[in-house]
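Shown next, in structure tokens, is the structure this report addresses.
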Protein chains: 2
Amino acid sequence: MVEKITLSHGSGGRLMHELVDNLILKELGNSVLREKKDSAIFKIGNRKTAFTTDSYVVNPLFFPGGDIGSMAVYGTVNDLSVCGARPLFISLSLIIEEGFDRALLEKIIKSVKLASKKAGVYVVTGDTKVVEKGSCDKIFINTSGIGEIYYDGLSVENIRQGDRIIISGPIGDHAISVLSKREGIEFKTKVKTDSAPLNDLIYRALKASKKVRFMRDPTRGGLATTLNEIARGAPFGISIDEGELPIRDGVREASELLGFDPLYLACEGRVVVIVAKEDEARALNAMRRHKDGKDAKAIGEISADYRGRVYLNTSAGGKRIVEMLSGEQLPRIC
Amino acid sequence: MVEKITLSHGSGGRLMHELVDNLILKELGNSVLREKKDSAIFKIGNRKTAFTTDSYVVNPLFFPGGDIGSMAVYGTVNDLSVCGARPLFISLSLIIEEGFDRALLEKIIKSVKLASKKAGVYVVTGDTKVVEKGSCDKIFINTSGIGEIYYDGLSVENIRQGDRIIISGPIGDHAISVLSKREGIEFKTKVKTDSAPLNDLIYRALKASKKVRFMRDPTRGGLATTLNEIARGAPFGISIDEGELPIRDGVREASELLGFDPLYLACEGRVVVIVAKEDEARALNAMRRHKDGKDAKAIGEISADYRGRVYLNTSAGGKRIVEMLSGEQLPRIC
């Protein structure tokens, strides 16, 4: 049987990890790539440098609160930021379908401009390809980014039992925003994407506490997948409290209607911060003083139980294991 | 009238320059981006660093002598190399069409591995997206790369009247290789792509001469377009000799049959070197000692005539202006 690539291989979940581990890491693995961090980290001269890449294929191109242009900037800025890097420079590579409106391209480029300004990064290099009508869907954008590490040592290996888990704001806004626009569904409560640059918010958290252990932004596969990536193979479990999860009414409503679990819905402007218990208040307060962190909340902790797993303390008083995303919940969400 | 993006906007030629200048540079322009070099150059700590990006949409994925995987590595390695940088790290971002054969993906990743090894670079970060069947054509690959500048000051501004123009080998092999495979055309003489990493060849040339002024690899739009990019707005003209142009029989034959001008055919493993006249032999000899430069040839010089233009001294004894590529000669050649 010929094995085919499926949408689930791009979901951010279990099948994508399998593909990355068994094919890409197997063939191309080196000490930096094997870390599987949001950014590669290496030295240039005496400076620790972070380097990351992401291709954006979101459909539709424009959705409530954002668009592919700003998302392509923020996504890469965030992948640098969660590694303790100050984002400096980004590249912009466009693959455009023949027949695409130039006016829309202009709108996207203007959004890239505004987003770069907001995030304080410079687009310094780029590429433009055009393919025949039907050979790509409107436009795909790749951004890669370079940053300078200012907070060293964020690593899953620093995580200790008792550490607290903070999320910077409500989960799932991005996925529901894109989905509502794509499917033309109107919900009672409008949901806007959370897509935003996290560099400043993260800087404040890292300035407030020297005991931040690790950070990751829960994009594809949502919070559940990100927490599973952290717990996988680790000598600890992750315990989260259902009652503490910040979820907007609109996201809850849409999820119930459509049968989604908000834990698996992508965010584009949220960060999971794992911090020593004694610094929880310090980090939380610093984050809450920032407009993109004002709803930051502690949602759980690193536990001695369920090593390598994530479990949810349900509002009903039970426990349930939270697996990594195993299918494709929402293709082309970013 | 709604203005549409056409294949010509991705050709590397006149329309692409118009799009880049009037939209992308206009909106996103900063001192680094405006240089329009093959790589952005900036300092990290005290090290001059080069950073570049390219998306590869070549069709077919496999062609005589190469494939999209090795091309994606070499293309980015070369964009760093022509700026006087030693390529160090690259990113690898895949956009895959749902239903793509996993075995083919494996073949491509193995080619990336081999090519990285050959070029001496490490793939340190990556991304995988999958889009629905029909939303992209098989697979697109973006690579971005980081290198360290070891030869400073390569710039069009250093070019002086009398400087010599060297090409490292025959032109157009890549375009004809891809085209023959794509169209299923068999020519009397088989042509293999010239796709290859140029870092070592360029290192030797730069070691041999401290008077190399500028380099660029003639990819989309071919030698004619690259020379026009150099001459555009410059206080000099570029004069090349038709009789000196290295063109393989197979490329000549295919071009005649299909109505192409080899001057506009893409290369993926050639470099144009502009060097002071007194160092011509030094650079040429160094290049010829390398397997990818053994057919290197001086093909013309920087002249006082025809400022801002490129002209060809024809074999018949006339002169003809060589324009930048103005349409789309061959879409998806890289």
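Each chain of the structure tokens is named A, B, ... in the order shown, its residues numbered from 1; ligands are numbered from 1 in display order.
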Shell around stretch 295-304 of chain B at 10 Å using only C-alpha atoms, local window under 4 positions removed, as a short mmCIF file (atom, residue, chain, number, x, y, z; two decimals) with N, CA and C atoms, in the first residue's frame:
data_model
loop_
_atom_site.label_atom_id
_atom_site.label_comp_id
_atom_site.auth_asym_id
_atom_site.auth_seq_id
_atom_site.Cartn_x
_atom_site.Cartn_y
_atom_site.Cartn_z
N ILE B 159 32.25 48.18 -8.29
CA ILE B 159 32.58 47.81 -9.67
C ILE B 159 33.16 49.02 -10.40
N ARG B 160 34.26 48.77 -11.15
CA ARG B 160 34.96 49.84 -11.87
C ARG B 160 35.07 49.49 -13.35
N GLN B 161 35.13 50.53 -14.15
CA GLN B 161 35.33 50.36 -15.58
C GLN B 161 36.57 49.51 -15.84
N GLY B 162 36.45 48.57 -16.74
CA GLY B 162 37.58 47.70 -17.05
C GLY B 162 37.53 46.38 -16.29
N ASP B 163 36.74 46.32 -15.23
CA ASP B 163 36.59 45.05 -14.48
C ASP B 163 36.11 43.96 -15.44
N ARG B 164 36.51 42.73 -15.13
CA ARG B 164 36.16 41.61 -16.01
C ARG B 164 35.01 40.81 -15.44
N ILE B 165 34.24 40.20 -16.34
CA ILE B 165 33.08 39.41 -15.93
C ILE B 165 33.34 37.94 -16.23
N ILE B 166 33.27 37.15 -15.18
CA ILE B 166 33.51 35.70 -15.31
C ILE B 166 32.22 34.95 -15.02
N ILE B 167 31.96 33.91 -15.81
CA ILE B 167 30.87 32.99 -15.45
C ILE B 167 31.52 31.64 -15.15
N SER B 168 31.02 30.98 -14.12
CA SER B 168 31.72 29.79 -13.62
C SER B 168 31.53 28.53 -14.45
N GLY B 169 30.56 28.57 -15.42
CA GLY B 169 30.35 27.40 -16.26
C GLY B 169 29.24 27.65 -17.26
N PRO B 170 28.88 26.63 -18.04
CA PRO B 170 27.87 26.78 -19.09
C PRO B 170 26.52 27.25 -18.53
N ALA B 231 23.68 46.21 -13.79
CA ALA B 231 23.91 47.45 -14.56
C ALA B 231 22.87 48.53 -14.25
N PRO B 235 26.74 53.65 -13.06
CA PRO B 235 27.46 54.60 -13.93
C PRO B 235 28.34 53.88 -14.94
N PHE B 236 27.97 52.64 -15.27
CA PHE B 236 28.75 51.88 -16.26
C PHE B 236 27.81 51.02 -17.08
N GLY B 237 28.33 50.48 -18.17
CA GLY B 237 27.60 49.50 -18.95
C GLY B 237 28.27 48.14 -18.81
N ILE B 238 27.59 47.10 -19.27
CA ILE B 238 28.19 45.77 -19.24
C ILE B 238 28.25 45.25 -20.66
N SER B 239 29.43 44.85 -21.05
CA SER B 239 29.64 44.37 -22.41
C SER B 239 30.00 42.89 -22.37
N ILE B 240 29.23 42.07 -23.08
CA ILE B 240 29.59 40.65 -23.12
C ILE B 240 29.75 40.19 -24.57
N ASP B 241 30.57 39.18 -24.71
CA ASP B 241 30.92 38.71 -26.06
C ASP B 241 30.19 37.42 -26.36
N GLU B 242 29.35 37.45 -27.37
CA GLU B 242 28.55 36.28 -27.73
C GLU B 242 29.43 35.04 -27.94
N GLY B 243 30.55 35.24 -28.58
CA GLY B 243 31.43 34.12 -28.90
C GLY B 243 32.04 33.46 -27.67
N GLU B 244 32.07 34.18 -26.55
CA GLU B 244 32.69 33.65 -25.33
C GLU B 244 31.71 32.91 -24.42
N LEU B 245 30.40 33.06 -24.69
CA LEU B 245 29.41 32.48 -23.77
C LEU B 245 29.47 30.96 -23.78
N PRO B 246 29.69 30.35 -22.62
CA PRO B 246 29.73 28.89 -22.59
C PRO B 246 28.30 28.33 -22.59
N ARG B 270 25.66 28.20 -11.04
CA ARG B 270 26.66 29.06 -11.68
C ARG B 270 26.72 30.38 -10.95
N VAL B 271 27.88 31.02 -11.07
CA VAL B 271 28.02 32.34 -10.45
C VAL B 271 28.72 33.29 -11.42
N VAL B 272 28.21 34.51 -11.43
CA VAL B 272 28.85 35.59 -12.18
C VAL B 272 29.78 36.29 -11.20
N VAL B 273 31.05 36.37 -11.58
CA VAL B 273 32.05 37.01 -10.72
C VAL B 273 32.59 38.24 -11.44
N ILE B 274 32.53 39.38 -10.79
CA ILE B 274 33.10 40.59 -11.38
C ILE B 274 34.37 40.90 -10.60
N VAL B 275 35.47 40.97 -11.34
CA VAL B 275 36.79 41.05 -10.70
C VAL B 275 37.65 42.09 -11.44
N ALA B 276 38.54 42.72 -10.69
CA ALA B 276 39.46 43.68 -11.30
C ALA B 276 40.26 42.99 -12.40
N LYS B 277 40.52 43.74 -13.48
CA LYS B 277 41.19 43.15 -14.65
C LYS B 277 42.50 42.46 -14.26
N GLU B 280 41.99 38.93 -13.01
CA GLU B 280 41.16 38.01 -13.80
C GLU B 280 41.75 36.60 -13.82
N ALA B 281 43.02 36.50 -14.16
CA ALA B 281 43.64 35.18 -14.31
C ALA B 281 43.68 34.44 -12.97
N ALA B 283 41.63 34.75 -10.42
CA ALA B 283 40.30 34.24 -10.07
C ALA B 283 39.91 33.07 -10.97
N LEU B 284 40.14 33.24 -12.27
CA LEU B 284 39.79 32.19 -13.24
C LEU B 284 40.51 30.89 -12.92
N ASN B 285 41.80 31.00 -12.66
CA ASN B 285 42.57 29.78 -12.40
C ASN B 285 42.09 29.07 -11.14
N ALA B 286 41.81 29.87 -10.11
CA ALA B 286 41.33 29.27 -8.87
C ALA B 286 40.01 28.55 -9.11
N MET B 287 39.14 29.17 -9.87
CA MET B 287 37.83 28.57 -10.13
C MET B 287 37.97 27.31 -10.98
N ARG B 288 38.86 27.36 -11.95
CA ARG B 288 39.00 26.22 -12.86
C ARG B 288 39.58 24.98 -12.18
N ARG B 289 40.23 25.21 -11.04
CA ARG B 289 40.76 24.06 -10.31
C ARG B 289 39.67 23.34 -9.52
N HIS B 290 38.48 23.94 -9.45
CA HIS B 290 37.36 23.33 -8.73
C HIS B 290 36.47 22.61 -9.74
N LYS B 291 35.93 21.43 -9.35
CA LYS B 291 35.17 20.65 -10.33
C LYS B 291 33.94 21.39 -10.87
N GLY B 308 24.24 51.80 -17.59
CA GLY B 308 22.98 51.22 -17.08
C GLY B 308 22.44 50.10 -17.94
N ARG B 309 23.13 49.78 -19.04
CA ARG B 309 22.63 48.75 -19.95
C ARG B 309 23.61 47.60 -20.09
N VAL B 310 23.10 46.52 -20.67
CA VAL B 310 23.94 45.37 -20.99
C VAL B 310 23.93 45.22 -22.50
N TYR B 311 25.09 45.07 -23.10
CA TYR B 311 25.08 44.81 -24.54
C TYR B 311 25.98 43.67 -24.93
N LEU B 312 25.53 43.05 -26.03
CA LEU B 312 26.18 41.84 -26.52
C LEU B 312 26.96 42.18 -27.79
N ASN B 313 28.23 41.85 -27.81
CA ASN B 313 29.01 41.94 -29.04
C ASN B 313 28.77 40.65 -29.79
#
Q: Extract, using only C-alpha atoms, all DNA, RNA and protein residues at most 12 Å from A:Ala85, discarding same-chain residues fewer than 2 positions from it, and format them as JSON, numbers by chain.
A: {"A": [38, 39, 40, 41, 42, 47, 48, 49, 50, 51, 52, 76, 77, 78, 79, 80, 81, 82, 83, 87, 88, 89, 145, 146, 147, 148, 149, 150, 151, 152, 153, 154, 198, 199, 200, 202, 203, 206, 215]}
How about saving the chosen residues, N, CA and C atoms kept, as a short mmCIF file (atom, residue, chain, number, x, y, z; two decimals), in the first residue's frame?
data_model
loop_
_atom_site.label_atom_id
_atom_site.label_comp_id
_atom_site.auth_asym_id
_atom_site.auth_seq_id
_atom_site.Cartn_x
_atom_site.Cartn_y
_atom_site.Cartn_z
N ASP A 38 10.86 25.70 19.70
CA ASP A 38 10.18 26.59 18.76
C ASP A 38 11.20 27.30 17.86
N SER A 39 12.39 27.48 18.37
CA SER A 39 13.48 28.05 17.56
C SER A 39 14.73 27.22 17.78
N ALA A 40 15.57 27.22 16.74
CA ALA A 40 16.90 26.64 16.91
C ALA A 40 17.75 27.66 17.67
N ILE A 41 18.63 27.18 18.52
CA ILE A 41 19.49 28.11 19.26
C ILE A 41 20.94 27.70 19.05
N PHE A 42 21.76 28.66 18.65
CA PHE A 42 23.18 28.41 18.40
C PHE A 42 23.94 29.71 18.60
N ARG A 47 27.36 35.55 20.61
CA ARG A 47 25.95 35.79 20.89
C ARG A 47 25.10 34.56 20.64
N LYS A 48 24.29 34.21 21.63
CA LYS A 48 23.34 33.13 21.43
C LYS A 48 22.21 33.65 20.56
N THR A 49 21.99 32.93 19.49
CA THR A 49 21.05 33.38 18.48
C THR A 49 19.93 32.36 18.32
N ALA A 50 18.70 32.86 18.09
CA ALA A 50 17.56 31.98 17.84
C ALA A 50 17.13 32.14 16.39
N PHE A 51 16.68 31.05 15.78
CA PHE A 51 16.34 31.04 14.35
C PHE A 51 15.12 30.13 14.20
N THR A 52 14.10 30.61 13.52
CA THR A 52 12.89 29.81 13.38
C THR A 52 12.24 30.04 12.02
N THR A 76 6.09 34.03 13.83
CA THR A 76 7.54 33.86 13.87
C THR A 76 8.15 34.65 15.03
N VAL A 77 7.64 35.83 15.25
CA VAL A 77 8.06 36.62 16.42
C VAL A 77 7.82 35.81 17.70
N ASN A 78 6.69 35.15 17.78
CA ASN A 78 6.35 34.40 19.00
C ASN A 78 7.22 33.16 19.18
N ASP A 79 7.54 32.49 18.07
CA ASP A 79 8.42 31.33 18.18
C ASP A 79 9.82 31.71 18.67
N LEU A 80 10.25 32.91 18.34
CA LEU A 80 11.52 33.41 18.88
C LEU A 80 11.35 33.80 20.35
N SER A 81 10.26 34.49 20.63
CA SER A 81 10.05 35.05 21.98
C SER A 81 9.97 33.97 23.05
N VAL A 82 9.26 32.88 22.74
CA VAL A 82 9.10 31.83 23.77
C VAL A 82 10.42 31.13 24.08
N CYS A 83 11.44 31.35 23.26
CA CYS A 83 12.76 30.79 23.55
C CYS A 83 13.64 31.78 24.32
N PRO A 87 13.23 39.19 19.16
CA PRO A 87 13.15 39.07 17.70
C PRO A 87 13.74 40.31 17.03
N LEU A 88 14.56 40.10 16.01
CA LEU A 88 15.23 41.21 15.36
C LEU A 88 14.85 41.32 13.88
N PHE A 89 15.09 40.24 13.15
CA PHE A 89 14.95 40.30 11.70
C PHE A 89 14.07 39.17 11.20
N GLY A 145 12.78 33.85 11.08
CA GLY A 145 13.17 34.96 11.94
C GLY A 145 14.42 34.67 12.73
N ILE A 146 15.11 35.75 13.06
CA ILE A 146 16.34 35.67 13.85
C ILE A 146 16.19 36.56 15.07
N GLY A 147 16.60 36.05 16.21
CA GLY A 147 16.55 36.85 17.42
C GLY A 147 17.77 36.59 18.28
N GLU A 148 17.91 37.44 19.28
CA GLU A 148 19.06 37.34 20.17
C GLU A 148 18.56 36.89 21.53
N ILE A 149 19.13 35.83 22.04
CA ILE A 149 18.71 35.30 23.34
C ILE A 149 19.09 36.28 24.46
N TYR A 150 18.13 36.67 25.26
CA TYR A 150 18.44 37.53 26.41
C TYR A 150 18.12 36.82 27.74
N TYR A 151 17.39 35.70 27.65
CA TYR A 151 17.07 34.93 28.86
C TYR A 151 17.45 33.50 28.53
N ASP A 152 18.49 33.06 29.14
CA ASP A 152 19.06 31.78 28.74
C ASP A 152 18.45 30.63 29.54
N GLY A 153 18.41 29.47 28.95
CA GLY A 153 18.14 28.27 29.72
C GLY A 153 16.69 27.85 29.85
N LEU A 154 15.79 28.44 29.05
CA LEU A 154 14.41 27.93 29.06
C LEU A 154 14.45 26.52 28.48
N LEU A 198 4.00 38.39 20.99
CA LEU A 198 4.15 38.09 22.41
C LEU A 198 5.47 38.59 22.99
N ASN A 199 6.30 39.22 22.16
CA ASN A 199 7.65 39.52 22.66
C ASN A 199 7.65 40.44 23.88
N ASP A 200 6.82 41.45 23.86
CA ASP A 200 6.83 42.39 24.98
C ASP A 200 6.25 41.76 26.25
N ILE A 202 6.18 38.62 27.03
CA ILE A 202 7.13 37.63 27.54
C ILE A 202 8.33 38.31 28.21
N TYR A 203 8.76 39.39 27.62
CA TYR A 203 9.88 40.14 28.20
C TYR A 203 9.55 40.55 29.64
N LEU A 206 9.63 37.57 31.99
CA LEU A 206 11.00 37.12 32.25
C LEU A 206 11.79 38.13 33.08
N MET A 215 8.62 27.99 28.17
CA MET A 215 7.44 28.62 27.59
C MET A 215 7.18 28.01 26.21
#
(Q) If you run DSSP on the backbone here, which positions in stretch 8-245 of chain B get alpha helix (DSSP H)? Please write them as a VMD selection string. (A) chain B and resid 14 to 19 26 to 28 68 to 81 102 to 119 173 to 183 199 to 208 222 to 231
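The shortest atom-to-atom distance to B:Lys113, with only C-alpha atoms taken into account, belongs to B:Gly69 out of B:Gly69, B:Gly318, B:Gly134, B:Gly126.
Among the candidates A:Glu183, A:Glu229, A:Asp137, A:Asp217, the one nearest to chain B when counting only C-alpha atoms is A:Asp137.
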A:Asp101: which residues within 7 Å, counting only C-alpha atoms, same-chain residues fewer than 3 positions away excluded, as a PDB file with C-alpha atoms, in the first residue's frame?
ATOM      1  CA  LEU A 104      -5.328  42.013  -1.899  1.00  0.00           C
ATOM      2  CA  LEU A 105      -1.589  41.449  -2.043  1.00  0.00           C
TER       3      LEU A 105
ATOM      4  CA  VAL B   2      -8.741  44.658 -11.104  1.00  0.00           C
ATOM      5  CA  GLU B   3      -5.019  44.193 -11.491  1.00  0.00           C
ATOM      6  CA  LYS B   4      -3.987  40.545 -11.247  1.00  0.00           C
ATOM      7  CA  ILE B   5      -0.732  38.865 -10.376  1.00  0.00           C
TER       8      ILE B   5
END
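Between atom CA of A:Glu97 and atom CA of B:Leu7 lies a distance of 8.4 Å.
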Q | Distance criterion (only C-alpha atoms): nearest to chain B out of A:Ser177, A:Ser135, A:Ser31, A:Ser326 | A | A:Ser135
Q: Check the DSSP output for the backbone and give back, as a PyMOL selection string, the residues of stretch 52-91 of chain B in strand (DSSP E).
A: chain B and resi 52-56+62-63+66-67+85-91
